[in-house]
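Have a look at target_37.cif; it's mmCIF, C-alpha atoms:
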```cif
data_start
loop_
_atom_site.group_PDB
_atom_site.id
_atom_site.type_symbol
_atom_site.label_atom_id
_atom_site.label_comp_id
_atom_site.auth_asym_id
_atom_site.auth_seq_id
_atom_site.Cartn_x
_atom_site.Cartn_y
_atom_site.Cartn_z
ATOM 1 C CA MET A 1 -10.112 -7.106 1.278
ATOM 2 C CA PRO A 2 -12.715 -4.320 1.451
ATOM 3 C CA PRO A 3 -11.847 -1.191 3.457
ATOM 4 C CA ASP A 4 -14.516 -1.796 6.106
ATOM 5 C CA GLU A 5 -13.078 -5.230 6.872
ATOM 6 C CA ALA A 6 -9.547 -3.855 7.255
ATOM 7 C CA ALA A 7 -10.887 -1.134 9.576
ATOM 8 C CA ALA A 8 -12.810 -3.709 11.624
ATOM 9 C CA MET A 9 -9.684 -5.826 12.034
ATOM 10 C CA ILE A 10 -7.715 -2.827 13.297
ATOM 11 C CA ASP A 11 -10.511 -1.699 15.634
ATOM 12 C CA ALA A 12 -10.745 -5.170 17.190
ATOM 13 C CA LEU A 13 -7.211 -4.832 18.584
ATOM 14 C CA PRO A 14 -5.989 -3.075 21.733
ATOM 15 C CA PRO A 15 -5.061 0.586 21.063
ATOM 16 C CA GLU A 16 -1.301 -0.003 21.335
ATOM 17 C CA ALA A 17 -1.445 -2.790 18.724
ATOM 18 C CA ARG A 18 -3.504 -0.935 16.138
ATOM 19 C CA VAL A 19 -0.698 1.197 14.715
ATOM 20 C CA LEU A 20 1.297 -1.811 13.506
ATOM 21 C CA TRP A 21 -1.618 -3.125 11.491
ATOM 22 C CA ALA A 22 -2.687 0.324 10.291
ATOM 23 C CA THR A 23 0.829 0.760 8.879
ATOM 24 C CA ALA A 24 0.682 -2.673 7.245
ATOM 25 C CA PHE A 25 -2.744 -2.029 5.705
ATOM 26 C CA TYR A 26 -2.316 1.635 4.746
ATOM 27 C CA ALA A 27 1.396 1.881 3.857
ATOM 28 C CA GLY A 28 2.062 -1.626 2.518
ATOM 29 C CA LEU A 29 5.432 -2.148 4.183
ATOM 30 C CA ARG A 30 6.954 -5.617 4.162
ATOM 31 C CA TYR A 31 7.218 -7.443 7.497
ATOM 32 C CA GLY A 32 10.966 -6.763 7.750
ATOM 33 C CA GLU A 33 10.409 -3.100 6.875
ATOM 34 C CA LEU A 34 7.848 -2.788 9.659
ATOM 35 C CA VAL A 35 10.308 -4.294 12.144
ATOM 36 C CA ALA A 36 13.160 -2.008 11.019
ATOM 37 C CA LEU A 37 11.127 1.214 10.745
ATOM 38 C CA ARG A 38 12.556 4.036 12.884
ATOM 39 C CA TRP A 39 10.867 7.216 13.992
ATOM 40 C CA ARG A 40 13.461 9.295 12.158
ATOM 41 C CA ASP A 41 12.100 7.756 8.939
ATOM 42 C CA VAL A 42 8.525 8.856 9.661
ATOM 43 C CA ASP A 43 7.802 12.481 8.736
ATOM 44 C CA LEU A 44 4.348 13.223 10.088
ATOM 45 C CA ALA A 45 4.545 16.860 8.973
ATOM 46 C CA THR A 46 4.927 16.030 5.282
ATOM 47 C CA GLY A 47 3.091 12.699 5.481
ATOM 48 C CA VAL A 48 5.854 10.451 4.184
ATOM 49 C CA ILE A 49 7.526 7.277 5.437
ATOM 50 C CA GLN A 50 11.071 6.775 4.161
ATOM 51 C CA VAL A 51 11.768 3.051 3.797
ATOM 52 C CA ARG A 52 15.522 2.704 4.229
ATOM 53 C CA ARG A 53 16.086 -0.768 5.676
ATOM 54 C CA GLY A 54 14.618 -4.178 6.308
ATOM 55 C CA TRP A 55 15.062 -6.857 8.958
ATOM 56 C CA ASP A 56 16.401 -10.378 8.798
ATOM 57 C CA PRO A 57 16.021 -12.792 11.766
ATOM 58 C CA VAL A 58 19.688 -13.813 11.461
ATOM 59 C CA GLU A 59 21.439 -10.679 10.214
ATOM 60 C CA GLY A 60 19.294 -8.045 11.931
ATOM 61 C CA GLU A 61 18.960 -4.772 10.025
ATOM 62 C CA ILE A 62 19.692 -5.167 6.317
ATOM 63 C CA GLU A 63 19.694 -3.039 3.202
ATOM 64 C CA PRO A 64 16.565 -3.201 1.018
ATOM 65 C CA LYS A 65 16.514 -6.161 -1.370
ATOM 66 C CA SER A 66 16.727 -3.904 -4.425
ATOM 67 C CA ARG A 67 17.443 -0.270 -5.250
ATOM 68 C CA LYS A 68 13.684 0.269 -5.607
ATOM 69 C CA GLY A 69 13.170 -1.052 -2.071
ATOM 70 C CA ARG A 70 14.541 2.250 -0.730
ATOM 71 C CA ARG A 71 11.563 4.524 -1.263
ATOM 72 C CA ALA A 72 9.116 7.141 0.010
ATOM 73 C CA VAL A 73 5.623 5.947 0.908
ATOM 74 C CA PRO A 74 2.722 8.382 1.370
ATOM 75 C CA VAL A 75 0.957 8.459 4.729
ATOM 76 C CA PRO A 76 -2.838 8.779 4.318
ATOM 77 C CA ALA A 77 -4.764 10.660 7.000
ATOM 78 C CA VAL A 78 -6.206 7.459 8.457
ATOM 79 C CA LEU A 79 -2.686 6.123 9.115
ATOM 80 C CA ARG A 80 -1.346 9.464 10.300
ATOM 81 C CA ASP A 81 -3.876 9.495 13.146
ATOM 82 C CA TYR A 82 -2.637 6.110 14.398
ATOM 83 C CA LEU A 83 1.011 7.167 14.104
ATOM 84 C CA VAL A 84 0.439 10.456 15.927
ATOM 85 C CA GLU A 85 -1.345 8.668 18.765
ATOM 86 C CA HIS A 86 1.452 6.095 18.963
ATOM 87 C CA ARG A 87 4.130 8.824 18.913
ATOM 88 C CA MET A 88 2.448 10.571 21.824
ATOM 89 C CA ARG A 89 2.896 7.434 23.924
ATOM 90 C CA GLY A 90 6.638 8.072 23.740
ATOM 91 C CA GLY A 91 9.489 5.913 22.617
ATOM 92 C CA GLU A 92 12.485 6.468 20.390
ATOM 93 C CA GLY A 93 14.310 4.265 17.952
ATOM 94 C CA ARG A 94 12.129 1.680 16.256
ATOM 95 C CA VAL A 95 8.478 2.603 15.784
ATOM 96 C CA PHE A 96 7.156 -0.847 16.733
ATOM 97 C CA GLY A 97 9.873 -1.923 19.152
ATOM 98 C CA SER A 98 11.894 -5.103 18.866
ATOM 99 C CA ALA A 99 11.405 -7.873 16.321
ATOM 100 C CA SER A 100 10.099 -10.129 19.089
ATOM 101 C CA LYS A 101 7.527 -7.517 20.085
ATOM 102 C CA VAL A 102 6.276 -7.261 16.506
ATOM 103 C CA ARG A 103 6.042 -11.043 16.308
ATOM 104 C CA ARG A 104 4.090 -11.220 19.603
ATOM 105 C CA GLN A 105 1.686 -8.516 18.419
ATOM 106 C CA ALA A 106 1.097 -10.412 15.179
ATOM 107 C CA GLU A 107 0.373 -13.621 17.086
ATOM 108 C CA ALA A 108 -1.939 -11.817 19.539
ATOM 109 C CA ALA A 109 -3.828 -10.163 16.660
ATOM 110 C CA ALA A 110 -4.413 -13.520 14.987
ATOM 111 C CA LYS A 111 -5.910 -14.841 18.223
ATOM 112 C CA VAL A 112 -8.257 -11.842 18.593
ATOM 113 C CA TRP A 113 -9.405 -12.059 14.965
ATOM 114 C CA ARG A 114 -10.087 -15.774 15.222
ATOM 115 C CA GLU A 115 -12.189 -15.211 18.341
ATOM 116 C CA ARG A 116 -14.148 -12.443 16.573
ATOM 117 C CA GLY A 117 -14.690 -14.439 13.397
ATOM 118 C CA LEU A 118 -12.598 -12.031 11.317
ATOM 119 C CA SER A 119 -10.014 -12.820 8.656
ATOM 120 C CA VAL A 120 -6.606 -13.797 9.981
ATOM 121 C CA LEU A 121 -3.577 -12.284 8.257
ATOM 122 C CA ALA A 122 0.149 -12.077 8.820
ATOM 123 C CA PRO A 123 1.619 -8.559 8.597
ATOM 124 C CA HIS A 124 3.175 -9.268 5.201
ATOM 125 C CA GLU A 125 -0.203 -10.421 3.848
ATOM 126 C CA ALA A 126 -1.706 -7.056 4.793
ATOM 127 C CA ARG A 127 0.527 -5.671 2.040
ATOM 128 C CA HIS A 128 -1.817 -7.264 -0.499
ATOM 129 C CA THR A 129 -4.733 -5.409 1.090
ATOM 130 C CA TYR A 130 -2.749 -2.176 0.692
ATOM 131 C CA ALA A 131 -2.312 -2.892 -3.004
ATOM 132 C CA SER A 132 -5.998 -3.662 -3.524
ATOM 133 C CA LEU A 133 -7.078 -0.527 -1.624
ATOM 134 C CA MET A 134 -4.729 1.672 -3.652
ATOM 135 C CA ILE A 135 -5.939 0.191 -6.940
ATOM 136 C CA ALA A 136 -9.590 0.624 -5.925
ATOM 137 C CA ALA A 137 -8.790 4.244 -5.020
ATOM 138 C CA GLY A 138 -7.493 4.843 -8.558
ATOM 139 C CA VAL A 139 -3.713 4.845 -7.981
ATOM 140 C CA ASN A 140 -1.952 3.932 -11.217
ATOM 141 C CA ALA A 141 0.302 0.906 -11.615
ATOM 142 C CA LYS A 142 3.550 2.899 -11.871
ATOM 143 C CA ALA A 143 2.916 4.791 -8.640
ATOM 144 C CA LEU A 144 1.811 1.628 -6.835
ATOM 145 C CA SER A 145 4.931 -0.200 -7.997
ATOM 146 C CA THR A 146 7.060 2.623 -6.582
ATOM 147 C CA PHE A 147 5.224 2.753 -3.249
ATOM 148 C CA MET A 148 5.491 -1.015 -2.812
ATOM 149 C CA GLY A 149 9.180 -1.112 -3.681
ATOM 150 C CA HIS A 150 8.856 -3.608 -6.504
ATOM 151 C CA ALA A 151 12.034 -4.020 -8.541
ATOM 152 C CA ASN A 152 10.033 -3.354 -11.724
ATOM 153 C CA ILE A 153 6.466 -2.694 -12.766
ATOM 154 C CA SER A 154 6.021 -6.165 -14.258
ATOM 155 C CA ILE A 155 6.038 -7.571 -10.709
ATOM 156 C CA THR A 156 3.146 -5.269 -9.844
ATOM 157 C CA PHE A 157 1.202 -6.389 -12.901
ATOM 158 C CA ASP A 158 1.979 -10.066 -12.288
ATOM 159 C CA LEU A 159 0.691 -9.831 -8.703
ATOM 160 C CA TYR A 160 -2.146 -7.331 -9.042
ATOM 161 C CA GLY A 161 -2.924 -6.923 -12.741
ATOM 162 C CA HIS A 162 -6.274 -8.671 -12.308
ATOM 163 C CA LEU A 163 -7.366 -5.908 -9.906
ATOM 164 C CA PHE A 164 -6.782 -3.047 -12.326
ATOM 165 C CA PRO A 165 -9.745 -1.950 -14.435
ATOM 166 C CA GLY A 166 -9.450 -2.770 -18.098
ATOM 167 C CA SER A 167 -11.228 -5.918 -19.206
ATOM 168 C CA GLU A 168 -11.853 -6.342 -22.916
ATOM 169 C CA ALA A 169 -15.459 -5.188 -22.507
ATOM 170 C CA GLN A 170 -14.402 -2.114 -20.544
ATOM 171 C CA ALA A 171 -11.756 -1.259 -23.139
ATOM 172 C CA ALA A 172 -14.283 -1.539 -25.970
ATOM 173 C CA ASP A 173 -16.781 0.631 -24.068
ATOM 174 C CA LEU A 174 -14.126 3.276 -23.404
ATOM 175 C CA LEU A 175 -13.183 3.409 -27.087
ATOM 176 C CA ASP A 176 -16.845 3.480 -28.194
ATOM 177 C CA ASN A 177 -17.594 6.340 -25.803
ATOM 178 C CA TYR A 178 -14.530 8.277 -26.935
ATOM 179 C CA LEU A 179 -15.415 7.847 -30.612
ATOM 180 C CA ALA A 180 -19.014 8.889 -29.947
ATOM 181 C CA ARG A 181 -17.826 12.074 -28.211
ATOM 182 C CA ALA A 182 -15.380 12.730 -31.036
ATOM 183 C CA ALA A 183 -18.135 12.365 -33.630
ATOM 184 C CA ASP A 184 -20.203 14.919 -31.714
ATOM 185 C CA GLY A 185 -17.249 17.291 -31.712
ATOM 186 C CA SER A 186 -17.048 17.297 -27.920
ATOM 187 C CA THR A 187 -13.383 16.248 -27.746
ATOM 188 C CA GLY A 188 -11.998 18.405 -30.523
ATOM 189 C CA ALA A 189 -10.243 15.303 -31.881
ATOM 190 C CA GLN A 190 -9.765 14.806 -35.612
ATOM 191 C CA THR A 191 -11.617 11.724 -36.795
ATOM 192 C CA GLY A 192 -10.790 11.958 -40.498
ATOM 193 C CA ALA A 193 -7.642 10.998 -42.378
ATOM 194 C CA HIS A 194 -4.215 11.530 -40.878
ATOM 195 C CA PRO A 195 -2.835 15.050 -41.323
ATOM 196 C CA ALA A 196 -0.374 15.407 -44.169
ATOM 197 C CA GLY A 197 2.996 13.899 -43.436
ATOM 198 C CA VAL A 198 1.770 11.799 -40.517
ATOM 199 C CA ALA A 199 1.744 8.063 -41.029
#
```

Let me see the structure of the file written as structure tokens.
Amino acid sequence: MPPDEAAAMIDALPPEARVLWATAFYAGLRYGELVALRWRDVDLATGVIQVRRGWDPVEGEIEPKSRKGRRAVPVPAVLRDYLVEHRMRGGEGRVFGSASKVRRQAEAAAKVWRERGLSVLAPHEARHTYASLMIAAGVNAKALSTFMGHANISITFDLYGHLFPGSEAQAADLLDNYLARAADGSTGAQTGAHPAGVA
């Protein structure tokens, strides 16, 4: 999803509902992580969200699914503004209130978006938008895997590998350009035989 569409979806909602979706779009938390997020895990001064728990409809608060699920997620300025505004409204404990409140906000958002002719997403689906925005911004696969809490980087590549730059044509162009610069002496790279003793 392009950034302007994500912004339009957020802007279409009432002010008190925007922060939930801004966090989904710009921090990529899972639905259960959004429900379980507490203010003590949000450091607005350093711009980091500490993901420490998830939420299960039966068990309530649960540990992350894997060791990598416990992680630090950067807070971009666009999200920080929504969080600051939401924090100023007061409230302690969970950032978005109860699980039922999060569910009601998700259902209300879907209704608004349908009426406005916008895309309709569930909070967990907004996580895919986060991934695509981060890739388009130039974030590398290892960092994205960490921020999303994937158990290993192969999950990131399986889900989002098609979004990373690097088609065969692009790879050939990159190598051609590098070799051309090397031939001109602009890279300082050796283009002749391997140095002695190097296979």

query: What is the CA of His162 in chain A to CA of Leu118 in chain A distance in Å?
result: 24.7 Å

- prompt: Written as number ranges by chain, which residues does the PyMOL selection byres ((chain A and resi 41-56) around 12) give for the file shown?
  reply: A: 23, 26-40, 57-87, 92-95, 98-100, 102, 146-149

- request: Pick out the closest residue to Ala12 in chain A from this set: A:Arg104, A:Arg89, A:Lys111, A:His124. Count only C-alpha atoms.
  value: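 Under the stated criterion, the closest residue is A:Lys111.
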
query: Excluding same-chain residues fewer than 4 positions from Pro14 in chain A, what lies within 10 Å of it counting all atoms listed in the file, as a list of chain:residue names?
result: A:Ile10, A:Arg18, A:Val19, A:Gln105, A:Ala108, A:Ala109, A:Val112

- request: Quick one: pull the distance between CA of Glu5 in chain A and CA of Ala141 in chain A, Å, one decimal.
  value: 23.6 Å

- line: CA of Ala24 in chain A sits from CA of Ser132 in chain A at a separation of 12.7 Å

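With all atoms listed in the file as the atoms that count, the residue of A:Leu144, A:Leu13, A:Ala126, A:Val120 with the shortest distance to Gly161 in chain A is A:Leu144.
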
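Shortest separation to Ala17 in chain A among A:Ala136, A:Gly90, A:Met1, A:Lys101 occurs at residue A:Lys101, atoms counted being all atoms listed in the file.
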
- prompt: Of the candidates A:Ala122, A:Met88, A:Ala171, A:Leu133, which one gets nearest to Asp4 in chain A if we count all atoms listed in the file?
  reply: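 Of A:Ala122, A:Met88, A:Ala171, A:Leu133, the one nearest Asp4 in chain A, counting all atoms listed in the file, is A:Leu133.
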
message: Restricting the calculation to all atoms listed in the file: of A:Glu107, A:Gly91, A:Ala151, A:Phe25, which residue gets closest to Ala6 in chain A?
response: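 When distances to Ala6 in chain A are compared using all atoms listed in the file, the smallest one comes from A:Phe25.
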